[in-house]
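S.K.: Data: coords_12.txt, compact mmCIF, C-alpha atoms.
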# COMPACT_ATOMS: atom_id res chain seq x y z
CA MET A 1 1.19 13.31 11.81
CA ALA A 2 2.21 14.43 8.35
CA PRO A 3 3.41 11.47 6.26
CA MET A 4 5.45 12.16 3.15
CA GLY A 5 5.81 10.20 -0.05
CA LEU A 6 3.59 9.30 -2.97
CA PRO A 7 -0.17 9.70 -2.55
CA GLY A 8 -1.81 6.39 -1.71
CA GLN A 9 1.44 5.02 -0.26
CA HIS A 10 1.24 2.74 2.79
CA GLN A 11 3.63 3.86 5.52
CA HIS A 12 4.20 3.34 9.24
CA ALA A 13 4.76 5.88 11.98
CA VAL A 14 6.50 4.73 15.16
CA VAL A 15 6.48 6.52 18.51
CA VAL A 16 9.40 5.47 20.74
CA ASN A 17 9.18 6.53 24.38
CA GLN A 18 12.33 7.79 26.10
CA PHE A 19 12.39 7.33 29.87
CA ARG A 20 14.33 9.73 32.09
CA ASP A 21 16.51 7.15 33.77
CA PRO A 22 19.16 6.18 31.17
CA LYS A 23 19.42 2.75 32.82
CA ASP A 24 15.69 2.08 32.46
CA PRO A 25 15.50 -1.18 30.46
CA ARG A 26 12.51 0.21 28.59
CA ASN A 27 14.90 2.49 26.68
CA ILE A 28 16.32 -0.60 24.97
CA GLY A 29 14.69 -1.73 21.75
CA GLY A 30 14.20 1.13 19.34
CA PRO A 31 11.59 1.50 16.60
CA GLN A 32 11.68 -2.18 15.54
CA GLY A 33 10.69 -3.51 18.96
CA LEU A 34 12.09 -6.52 20.82
CA SER A 35 10.73 -9.97 21.61
CA GLY A 36 7.94 -9.73 24.16
CA LYS A 37 4.25 -9.00 24.53
CA TYR A 38 2.37 -6.92 21.95
CA ALA A 39 -1.23 -5.81 21.50
CA VAL A 40 -2.63 -4.96 18.08
CA THR A 41 -5.64 -2.81 17.20
CA PHE A 42 -7.44 -3.00 13.85
CA VAL A 43 -9.56 0.03 12.92
CA LEU A 44 -12.33 -0.64 10.41
CA ALA A 45 -13.93 1.75 7.95
CA ARG A 46 -16.62 1.63 5.30
CA PRO A 47 -14.91 1.64 1.89
CA GLY A 48 -15.18 5.06 0.32
CA PHE A 49 -15.87 6.85 3.61
CA ASN A 50 -13.02 8.52 5.50
CA LEU A 51 -12.99 8.41 9.29
CA LEU A 52 -11.28 11.80 9.39
CA PRO A 53 -11.12 14.73 6.99
CA GLU A 54 -8.75 13.94 4.14
CA GLY A 55 -5.15 14.70 5.03
CA GLN A 56 -5.66 14.25 8.77
CA HIS A 57 -4.35 11.25 10.71
CA SER A 58 -4.81 9.92 14.22
CA PHE A 59 -3.67 7.05 16.39
CA ALA A 60 -6.29 4.37 17.00
CA ARG A 61 -7.44 5.82 20.31
CA GLY A 62 -8.66 8.91 18.44
CA LEU A 63 -10.73 6.91 15.94
CA ARG A 64 -14.15 5.34 16.45
CA GLY A 65 -14.04 3.17 13.34
CA ASP A 66 -16.99 2.00 11.29
CA SER A 67 -18.30 -0.92 9.24
CA HIS A 68 -21.52 -2.42 7.91
CA LEU A 69 -21.55 -5.01 10.73
CA ALA A 70 -24.07 -4.18 13.47
CA VAL A 71 -23.00 -5.70 16.80
CA ALA A 72 -24.63 -3.58 19.53
CA LYS A 73 -27.34 -1.04 20.28
CA PRO A 74 -28.73 1.08 18.76
CA ALA A 75 -28.04 -0.76 15.48
CA PHE A 76 -28.61 -4.28 16.82
CA SER A 77 -29.75 -6.01 20.01
CA PRO A 78 -27.92 -9.34 20.26
CA PRO A 79 -30.33 -12.21 21.09
CA GLY A 80 -29.87 -13.43 24.66
CA ASN A 81 -27.77 -10.41 25.64
CA PRO A 82 -29.38 -7.26 24.21
CA ASP A 83 -27.17 -4.94 26.28
CA ALA A 84 -23.86 -6.44 25.09
CA ASP A 85 -21.39 -3.71 24.18
CA GLN A 86 -18.56 -5.80 22.69
CA ILE A 87 -17.91 -9.11 20.96
CA LEU A 88 -15.31 -11.79 21.71
CA ILE A 89 -13.32 -13.25 18.80
CA LYS A 90 -10.93 -16.19 19.06
CA GLY A 91 -8.39 -17.19 16.45
CA THR A 92 -6.02 -20.15 16.27
CA THR A 93 -3.12 -20.24 13.83
CA GLU A 94 0.22 -21.99 13.52
CA ASP A 95 1.60 -19.17 15.70
CA ALA A 96 -0.62 -19.46 18.79
CA ASN A 97 -4.12 -18.96 20.16
CA PHE A 98 -5.37 -15.37 20.01
CA VAL A 99 -8.22 -13.51 21.68
CA PHE A 100 -9.69 -10.29 20.29
CA THR A 101 -12.36 -7.91 21.53
CA GLY A 102 -14.54 -6.11 19.00
CA PHE A 103 -15.83 -2.68 20.01
CA PRO A 104 -18.79 -0.92 18.38
CA ASN A 105 -18.90 2.75 17.50
CA PRO A 106 -21.65 4.95 19.01
CA ARG A 107 -24.08 3.81 16.30
CA GLY A 108 -23.54 0.16 17.23
CA PHE A 109 -21.45 -0.90 14.22
CA LEU A 110 -18.15 -2.71 14.66
CA GLY A 111 -15.40 -0.08 14.67
CA LYS A 112 -12.30 -1.59 16.25
CA VAL A 113 -10.89 -5.00 17.06
CA VAL A 114 -8.22 -5.17 19.80
CA SER A 115 -6.10 -8.20 20.62
CA GLU A 116 -5.13 -9.38 24.06
CA PRO A 117 -1.33 -9.23 24.54
CA PHE A 118 0.56 -12.05 22.81
CA ASP A 119 4.18 -12.98 22.10
CA ALA A 120 5.94 -11.53 19.06
CA ASN A 121 9.50 -10.72 18.00
CA SER A 122 8.90 -7.18 16.71
CA PHE A 123 6.24 -4.74 15.57
CA HIS A 124 6.17 -6.27 12.11
CA ASP A 125 5.92 -9.78 13.53
CA ALA A 126 3.10 -8.74 15.87
CA GLU A 127 1.12 -7.15 13.07
CA ALA A 128 1.53 -10.20 10.84
CA LYS A 129 0.55 -12.69 13.56
CA ALA A 130 -2.50 -10.72 14.69
CA HIS A 131 -3.73 -10.18 11.14
CA ARG A 132 -3.33 -13.86 10.35
CA ALA A 133 -5.41 -14.76 13.41
CA LEU A 134 -8.19 -12.24 12.75
CA ALA A 135 -8.42 -12.51 8.96
CA SER A 136 -10.38 -15.78 8.99
CA SER A 137 -13.16 -14.22 11.06
CA LEU A 138 -13.32 -11.13 8.84
CA SER A 139 -13.48 -13.29 5.73
CA THR A 140 -16.15 -15.56 7.24
CA TRP A 141 -18.36 -12.60 8.11
CA ALA A 142 -17.84 -11.07 4.68
CA VAL A 143 -18.77 -14.20 2.73
CA HIS A 144 -21.78 -15.11 4.91
CA LEU A 145 -23.21 -11.62 5.25
CA ASP A 146 -22.11 -10.19 1.87
CA ILE A 147 -20.50 -7.07 3.34
CA PRO A 148 -17.03 -5.54 3.02
CA LEU A 149 -14.85 -5.54 6.13
CA TYR A 150 -12.09 -3.09 5.40
CA VAL A 151 -9.20 -2.59 7.84
CA VAL A 152 -8.17 1.01 7.31
CA GLN A 153 -5.51 1.24 10.02
CA THR A 154 -3.44 -1.22 12.06
CA GLU A 155 -1.71 -0.18 15.28
CA SER A 156 0.69 -2.25 17.38
CA VAL A 157 1.79 -1.50 20.94
CA GLU A 158 4.84 -3.04 22.59
CA VAL A 159 3.51 -3.73 26.08
CA ARG A 160 6.92 -3.46 27.76
CA THR A 161 7.64 0.07 26.54
CA GLU A 162 4.23 1.27 25.30
CA ASN A 163 6.01 2.18 22.06
CA THR A 164 3.48 2.35 19.23
CA GLN A 165 3.56 1.65 15.51
CA THR A 166 0.60 2.73 13.39
CA SER A 167 -0.09 2.39 9.69
CA ILE A 168 -0.78 5.43 7.54
CA LEU A 169 -2.09 5.81 4.00
CA THR A 170 -0.64 8.96 2.44
CA PRO A 171 -3.54 11.10 1.19
CA TYR A 172 -3.93 12.39 -2.33
CA SER A 173 -3.40 16.11 -2.79
CA GLU A 174 -6.00 18.60 -3.92
CA VAL A 175 -4.59 19.94 -7.17
CA PRO A 176 -5.42 22.68 -9.68
CA LEU A 177 -6.55 21.82 -13.20
CA ALA A 178 -3.10 22.34 -14.68
CA VAL A 179 -3.85 20.40 -17.89
CA GLY A 180 -6.31 21.07 -20.68
CA PRO A 181 -9.94 20.40 -19.76
CA THR A 182 -10.55 18.42 -22.96
CA ALA A 183 -8.48 15.36 -23.86
CA ASN A 184 -8.31 13.86 -27.34
CA LEU A 185 -6.16 10.82 -26.71
CA LEU A 186 -4.92 8.39 -29.27
CA PRO A 187 -6.64 5.01 -28.79
CA GLU A 188 -3.39 3.30 -27.78
CA PHE A 189 -2.53 5.75 -25.01
CA ARG A 190 -6.15 5.96 -23.93
CA GLY A 191 -5.97 2.35 -22.75
CA TYR A 192 -2.95 3.04 -20.54
CA ALA A 193 -4.49 6.20 -19.09
CA SER A 194 -7.73 4.42 -18.23
CA LEU A 195 -5.90 1.53 -16.53
CA TYR A 196 -3.81 3.96 -14.47
CA ARG A 197 -7.00 5.71 -13.32
CA GLU A 198 -8.51 2.33 -12.47
CA ALA A 199 -5.51 1.62 -10.23
CA LEU A 200 -5.84 4.92 -8.37
CA ASN A 201 -9.57 4.46 -7.86
CA SER A 202 -9.10 1.17 -5.98
CA ASN A 203 -8.67 0.66 -2.24
CA SER A 204 -7.00 -2.70 -2.90
CA SER A 205 -3.20 -2.71 -3.06
CA VAL A 206 -3.33 -6.05 -4.86
CA TYR A 207 -5.60 -4.67 -7.58
CA GLN A 208 -3.52 -1.51 -7.89
CA PHE A 209 -0.40 -3.57 -8.40
CA LEU A 210 -2.07 -5.80 -10.99
CA CYS A 211 -3.22 -2.77 -12.98
CA LEU A 212 0.21 -1.14 -12.88
CA PHE A 213 2.06 -4.36 -13.69
CA LYS A 214 -0.25 -4.94 -16.65
CA MET A 215 0.77 -1.51 -17.94
CA VAL A 216 4.45 -2.42 -17.58
CA GLU A 217 3.89 -5.75 -19.28
CA ALA A 218 1.91 -4.18 -22.13
CA MET A 219 4.55 -1.50 -22.76
CA LEU A 220 7.28 -4.13 -22.92
CA LYS A 221 5.19 -6.07 -25.46
CA ARG A 222 4.61 -2.88 -27.44
CA ARG A 223 8.34 -2.15 -27.50
CA ALA A 224 9.06 -5.66 -28.76
CA ARG A 225 6.46 -5.24 -31.52
CA LEU A 226 7.79 -1.85 -32.60
CA GLY A 227 11.34 -3.22 -32.59
CA ALA A 228 10.34 -6.17 -34.79
CA GLU A 229 8.49 -3.87 -37.18
CA ALA A 230 11.49 -1.54 -37.41
CA ARG A 231 13.91 -4.37 -38.10
CA LYS A 232 11.62 -5.78 -40.78
CA ALA A 233 11.56 -2.36 -42.43
CA GLY A 234 15.33 -2.03 -42.16
CA GLN A 235 15.06 0.81 -39.67
CA LEU A 236 16.84 1.46 -36.39
CA PHE A 237 14.74 1.18 -33.24
CA THR A 238 16.22 2.60 -30.05
CA ARG A 239 14.90 3.37 -26.59
CA LYS A 240 16.29 4.96 -23.48
CA TYR A 241 18.15 2.84 -20.95
CA GLU A 242 15.94 3.08 -17.87
CA THR A 243 17.44 2.75 -14.38
CA ILE A 244 16.50 3.35 -10.77
CA PRO A 245 18.37 6.27 -9.13
CA ALA A 246 21.55 4.99 -7.50
CA THR A 247 21.31 7.18 -4.39
CA PRO A 248 18.41 9.02 -2.68
CA ASP A 249 19.85 12.48 -3.35
CA ALA A 250 19.23 15.57 -5.48
CA ALA A 251 19.57 13.52 -8.66
CA ALA A 252 16.78 11.23 -7.45
CA ILE A 253 14.56 14.25 -6.81
CA THR A 254 15.21 15.51 -10.34
CA TRP A 255 14.35 12.02 -11.63
CA LEU A 256 11.01 12.16 -9.78
CA ASN A 257 10.24 15.74 -10.79
CA ALA A 258 10.46 14.70 -14.44
CA ILE A 259 7.55 12.27 -14.02
CA PHE A 260 5.37 14.02 -11.41
CA SER A 261 3.96 17.44 -12.20
CA ILE A 262 2.26 17.59 -8.79
CA ARG A 263 4.99 16.87 -6.25
CA PRO A 264 4.95 15.95 -2.58
CA ASN A 265 7.85 16.82 -0.32
CA TRP A 266 10.68 14.52 -1.42
CA ASP A 267 12.32 14.32 2.02
CA PRO A 268 14.96 11.65 2.85
CA MET A 269 12.35 9.34 4.40
CA ALA A 270 10.16 9.56 1.31
CA LEU A 271 13.10 8.88 -1.00
CA ALA A 272 14.18 5.88 1.06
CA SER A 273 10.67 4.40 0.88
CA LEU A 274 10.43 4.99 -2.87
CA PHE A 275 13.80 3.50 -3.80
CA PRO A 276 14.60 0.30 -1.85
CA SER A 277 18.35 -0.04 -1.44
CA GLU A 278 18.50 -3.52 -3.00
CA VAL A 279 17.62 -2.11 -6.45
CA ALA A 280 19.56 1.17 -6.28
CA GLY A 281 21.13 1.85 -9.67
CA LYS A 282 19.54 -1.26 -11.21
CA SER A 283 17.83 -1.30 -14.58
CA PHE A 284 14.05 -1.34 -14.91
CA GLN A 285 14.33 -4.76 -16.54
CA TYR A 286 16.18 -6.10 -13.50
CA VAL A 287 13.46 -4.84 -11.15
CA ILE A 288 10.71 -6.19 -13.41
CA ASP A 289 12.33 -9.63 -13.73
CA LYS A 290 13.60 -10.06 -10.16
CA VAL A 291 10.92 -8.28 -8.11
CA LEU A 292 7.71 -7.33 -9.92
CA TYR A 293 7.20 -10.44 -12.03
CA PRO A 294 7.65 -12.84 -9.06
CA MET A 295 5.07 -10.79 -7.12
CA ARG A 296 2.71 -11.05 -10.07
CA VAL A 297 3.23 -14.84 -10.07
CA ASP A 298 2.53 -15.05 -6.32
CA ILE A 299 -0.75 -13.19 -6.80
CA ALA A 300 -1.70 -15.44 -9.70
CA HIS A 301 -0.98 -18.54 -7.61
CA ALA A 302 -3.15 -17.20 -4.80
CA ILE A 303 -6.10 -16.27 -6.99
CA LEU A 304 -5.84 -18.15 -10.28
CA SER A 305 -3.84 -21.36 -10.07
CA GLN A 306 -3.43 -23.45 -13.20
CA SER A 307 -5.64 -26.14 -11.70
CA GLY A 308 -8.44 -23.62 -11.27
CA GLU A 309 -8.51 -24.18 -7.51
CA LEU A 310 -7.33 -21.81 -4.81
CA THR A 311 -3.88 -22.76 -3.57
CA LEU A 312 -3.15 -19.95 -1.10
CA THR A 313 -5.22 -17.72 1.15
CA VAL A 314 -5.64 -14.20 -0.16
CA ASP A 315 -5.77 -12.97 3.45
CA GLU A 316 -2.10 -13.89 3.76
CA LEU A 317 -1.28 -12.26 0.44
CA LEU A 318 -3.08 -9.03 1.24
CA HIS A 319 -1.05 -8.59 4.39
CA THR A 320 2.38 -8.96 2.84
CA ARG A 321 4.53 -5.91 3.42
CA ASN A 322 6.33 -6.81 0.23
CA LEU A 323 3.45 -5.48 -1.84
CA HIS A 324 3.32 -2.16 -0.01
CA LYS A 325 7.09 -1.89 -0.22
CA TRP A 326 7.26 -2.15 -4.01
CA LEU A 327 3.98 -0.54 -5.08
CA PRO A 328 5.29 3.08 -5.00
CA LEU A 329 8.32 2.21 -7.13
CA THR A 330 6.08 0.30 -9.53
CA LYS A 331 4.05 3.47 -10.03
CA CYS A 332 7.25 5.43 -10.72
CA ILE A 333 8.41 2.84 -13.26
CA VAL A 334 5.04 3.05 -15.05
CA ARG A 335 5.17 6.83 -15.24
CA ARG A 336 8.78 6.83 -16.50
CA MET A 337 7.96 4.27 -19.19
CA LEU A 338 4.87 6.21 -20.24
CA LYS A 339 6.90 9.38 -20.65
CA ASN A 340 9.53 7.57 -22.69
CA ASP A 341 7.05 5.73 -24.91
CA PHE A 342 4.38 8.42 -25.32
CA PRO A 343 6.28 11.74 -25.21
CA ALA A 344 3.59 13.65 -27.09
CA GLU A 345 0.71 12.38 -24.94
CA PHE A 346 2.19 12.18 -21.43
CA LEU A 347 3.86 15.06 -19.57
CA SER A 348 5.04 16.67 -22.79
CA TYR A 349 5.29 19.96 -20.90
CA LEU A 350 7.86 18.64 -18.40
CA LYS A 351 11.57 18.72 -19.15
CA GLU A 352 13.88 16.04 -17.81
CA ASP A 353 15.06 18.41 -15.09
CA GLY A 354 11.48 18.81 -13.92
CA THR A 355 10.99 22.36 -15.16
CA VAL A 356 7.93 23.28 -17.22
CA ILE A 357 8.29 24.06 -20.90
CA PRO A 358 6.91 27.59 -21.44
What would the structure in this file look like if it were written as structure tokens?

M.R.:
Amino acid sequence: MAPMGLPGQHQHAVVVNQFRDPKDPRNIGGPQGLSGKYAVTFVLARPGFNLLPEGQHSFARGLRGDSHLAVAKPAFSPPGNPDADQILIKGTTEDANFVFTGFPNPRGFLGKVVSEPFDANSFHDAEAKAHRALASSLSTWAVHLDIPLYVVQTESVEVRTENTQTSILTPYSEVPLAVGPTANLLPEFRGYASLYREALNSNSSVYQFLCLFKMVEAMLKRRARLGAEARKAGQLFTRKYETIPATPDAAAITWLNAIFSIRPNWDPMALASLFPSEVAGKSFQYVIDKVLYPMRVDIAHAILSQSGELTLTVDELLHTRNLHKWLPLTKCIVRRMLKNDFPAEFLSYLKEDGTVIP
């Protein structure tokens, strides 16, 4: 599998089986899946350690998984059943009762958790229900044992058709040192650059979004300050009108090439995932006000309510597809704003058509 799009972008690959008999009912459904039985597999990994060489991907059956949780020999001999080679996990939610089996890797550490088939309306629904049912156990183990339990890949199978949807995290590219080896940044821009690096260094989509949104918020505040200072001095303060590309076409590719010096393959699927149709042609301010700010508020309510108490479960928040949907565009908005506000410090060698200034 070779996913396209921005590095670090969460995507899904779906395999749809086609059966020879055109009248076979299993040919009905498509990549979204229909109501019926689904089974979901969660593959674990130790944060910072890849299960495969970077840039390679596999379906769950080709991965052993890993974690810091010892559940079987040779890492651990369970009391009362030292030869146990799996664990049974039960979860009850508002959706239903769920049963999972945890499988160790060859070293005896929990590597995969597989659900028994359960009812769901689609692949997305199955993934959400299974995660909701398993998350409490993962969180309980983490808080009691003080270990991370990081789900690196989620894979859903529609039992009726054996169609499969698996999650993929687009890898970062290996790139040449195409910028000067020594940076002498102005203090103001240095803060933005360090926060952007902090976002990229994190495995948490929530933390990445918070870092990027803080950059957006800070640049808007900076613009307001500069505007007020200019008006007080009797000067004109102008800035570019920033919009999302209206259509995922050649113009959108040019728009991206102006803010990314290292470029993935901007194929139609990548463009569609970067520019959700509901904000096509909209201004940055519209996206910030109608999409990004409400997400920021949801995160704040989950983690830092005004009362000081937790009001929502972060397990639910972390699983929202909404965050993965908008994170790539948020990164694009940040880079476009940085280029507009700091033209001498950020991508000064890139023209607006994406070509390099000699």

S.K.: May I have the residues within 12 Å of Tyr241 of chain A as a compact mmCIF listing (two decimals) with C-alpha atoms, in the frame of the given file, using all atoms listed in the file and disregarding those fewer than 5 positions away in the same chain?

M.R.:
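Final output, part19.txt:
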# COMPACT_ATOMS: atom_id res chain seq x y z
CA GLY A 281 21.13 1.85 -9.67
CA LYS A 282 19.54 -1.26 -11.21
CA SER A 283 17.83 -1.30 -14.58
CA PHE A 284 14.05 -1.34 -14.91
CA GLN A 285 14.33 -4.76 -16.54
CA TYR A 286 16.18 -6.10 -13.50
CA ARG A 336 8.78 6.83 -16.50
CA MET A 337 7.96 4.27 -19.19
CA ASN A 340 9.53 7.57 -22.69

S.K.: Which residues come within 9 Å of Phe213 of chain A, counting all atoms listed in the file, excluding same-chain residues fewer than 2 positions away, as JSON, numbers by chain?

M.R.: {"A": [208, 209, 210, 211, 215, 216, 217, 218, 288, 292, 293, 296, 330, 331, 334]}

S.K.: Return the padded bounding box of segment 18-37 of chain A as JSON: axis-aligned, built from all atoms listed in the file, 6 Å added on each side, with centre and edge lengths in Å to one decimal.

M.R.:
{"center_x": 11.8, "center_y": -0.1, "center_z": 24.7, "size_x": 27.2, "size_y": 31.7, "size_z": 30.2}

S.K.: Mind running segment 170-248 of chain A against segment 2-23 of chain A at 10 Å and telling me each contacting residue's nearest atom pair with the distance in Å (one decimal), counting only C-alpha atoms, chain and number ascending, as a Markdown table?

M.R.:
| residue | atom | partner | partner_atom | distance |
| --- | --- | --- | --- | --- |
| A:Thr170 | CA | A:Gly8 | CA | 5.0 |
| A:Pro171 | CA | A:Pro7 | CA | 5.2 |
| A:Tyr172 | CA | A:Pro7 | CA | 4.6 |
| A:Ser173 | CA | A:Pro7 | CA | 7.2 |
| A:Leu200 | CA | A:Gly8 | CA | 7.9 |
| A:Ser202 | CA | A:Gly8 | CA | 9.9 |
| A:Asn203 | CA | A:Gly8 | CA | 9.0 |
| A:Ser205 | CA | A:His10 | CA | 9.1 |

S.K.: Ala120 of chain A: which residues within 6 Å, counting only C-alpha atoms, same-chain residues fewer than 4 positions away excluded, as a PyMOL selection string?

M.R.: chain A and resi 35-36+125-126
